[in-house]
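**Q** Could you have a look at this structure, given as structure tokens, before my questions?
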Amino acid sequence: MRVVSAVAILILAAACSGGDDVSGLWETPTDVAPITAGALSGDVPVRFRLAAAQYGKDVSGVLLLYSDDLFHTLEACRYLENAEVKSGHLLFSIAGAGEEDDLAVDLLLGDRDGDEALEGLITGQDKPVPMLLVGKGDAGNIHEEGLDLGCPQR
């Protein structure tokens, strides 16, 4: 009976955990030029940092936009809304800038030069904004990067 219970627990755990886990810290690679994210970044070229924690298909986290290569000068910070992993895609919305409606983000989980990567677009502004992020750490490192603090007050 114990063997049956253990097998049932393993099957349930495997069914609940997807192969597409986006938990962790993700950043724009240093070999990719900063991107102007329109009104979202005040038309300043930025690098993106995403801190995400996945629970089943649901995801929580923050998207931070930095105007320097060392991720020190924060230009904007947005909480992920309606975030989920679906068919290998991380889908979420973020608040726009000023009076903009929410912006939609669709990132495909894949590989870039042997590293896990998320690549896609932010849509909802005049022009879509491309985003490429590579994995920089696991879920255990997220809290050191400030996910537990959310968006810093400015």
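Chain labels follow the order of the structure tokens: the first chain is A, the next B, and so on; residue numbering restarts at 1 in every chain, and ligands are counted from 1 in their shown order.
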Which residues, written as a list of chain:residue names, have at least one atom at most 6 Å from Trp26 of chain A, with only C-alpha atoms counted and residues fewer than 3 positions away on the same chain left out?
**A**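 Near Trp26 of chain A, the qualifying residues are A:Arg49, A:Leu50, A:Leu133, A:Val134, A:Gly135, A:Lys136.
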**Q** Can I get the selected residues back with C-alpha atoms, as a tab-separated table (two decimals), in the first residue's frame?
**A**
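selection_34.tsv written:
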chain	number	residue	atom	x	y	z
A	49	ARG	CA	15.58	42.18	-15.55
A	50	LEU	CA	12.78	39.77	-14.70
A	133	LEU	CA	16.34	37.50	-21.51
A	134	VAL	CA	18.74	34.78	-20.39
A	135	GLY	CA	18.55	32.87	-17.13
A	136	LYS	CA	20.86	34.20	-14.41
**Q** Give me the residues near segment 30-38 of chain A as an NGL selection string, where near means some atom within 10 Å (using only C-alpha atoms) and where sequence neighbours in that chain fewer than 2 positions away do not count.
**A** :A and (27-28 or 40-48 or 65-70 or 97 or 122 or 125-133)
**Q** Find the residues near Leu108 of chain A: any atom within 7 Å, counting only C-alpha atoms, skip ones fewer than 5 places away on the same chain, and give them as number ranges by chain.
**A** A: 88-90, 118-120
**Q** Next, dump the selected residues to file, keeping only N, CA and C atoms, as a PDB file, in the first residue's frame.
**A**
ATOM      1  N   GLY A  88       4.834  26.489 -23.421  1.00  0.00           N
ATOM      2  CA  GLY A  88       6.204  26.968 -23.605  1.00  0.00           C
ATOM      3  C   GLY A  88       6.357  28.473 -23.673  1.00  0.00           C
ATOM      4  N   HIS A  89       5.276  29.207 -23.442  1.00  0.00           N
ATOM      5  CA  HIS A  89       5.316  30.672 -23.472  1.00  0.00           C
ATOM      6  C   HIS A  89       5.046  31.224 -22.075  1.00  0.00           C
ATOM      7  N   LEU A  90       5.799  32.254 -21.689  1.00  0.00           N
ATOM      8  CA  LEU A  90       5.476  33.028 -20.493  1.00  0.00           C
ATOM      9  C   LEU A  90       4.633  34.202 -20.966  1.00  0.00           C
ATOM     10  N   LEU A 118      14.383  33.519 -22.681  1.00  0.00           N
ATOM     11  CA  LEU A 118      13.002  33.928 -22.939  1.00  0.00           C
ATOM     12  C   LEU A 118      13.079  35.008 -24.006  1.00  0.00           C
ATOM     13  N   GLU A 119      12.323  34.843 -25.101  1.00  0.00           N
ATOM     14  CA  GLU A 119      12.386  35.826 -26.183  1.00  0.00           C
ATOM     15  C   GLU A 119      10.990  36.087 -26.729  1.00  0.00           C
ATOM     16  N   GLY A 120      10.699  37.354 -26.965  1.00  0.00           N
ATOM     17  CA  GLY A 120       9.394  37.715 -27.502  1.00  0.00           C
ATOM     18  C   GLY A 120       9.199  39.204 -27.591  1.00  0.00           C
TER      19      GLY A 120
END
**Q** Please provide the set of residues having any atom within 7 Å of Glu81 of chain A, restricted to only C-alpha atoms, with same-chain residues fewer than 4 positions apart removed, written as a list in words.
**A**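 After dropping sequence-adjacent residues, the list is Phe92, Ser93 and Ile94 of chain A.
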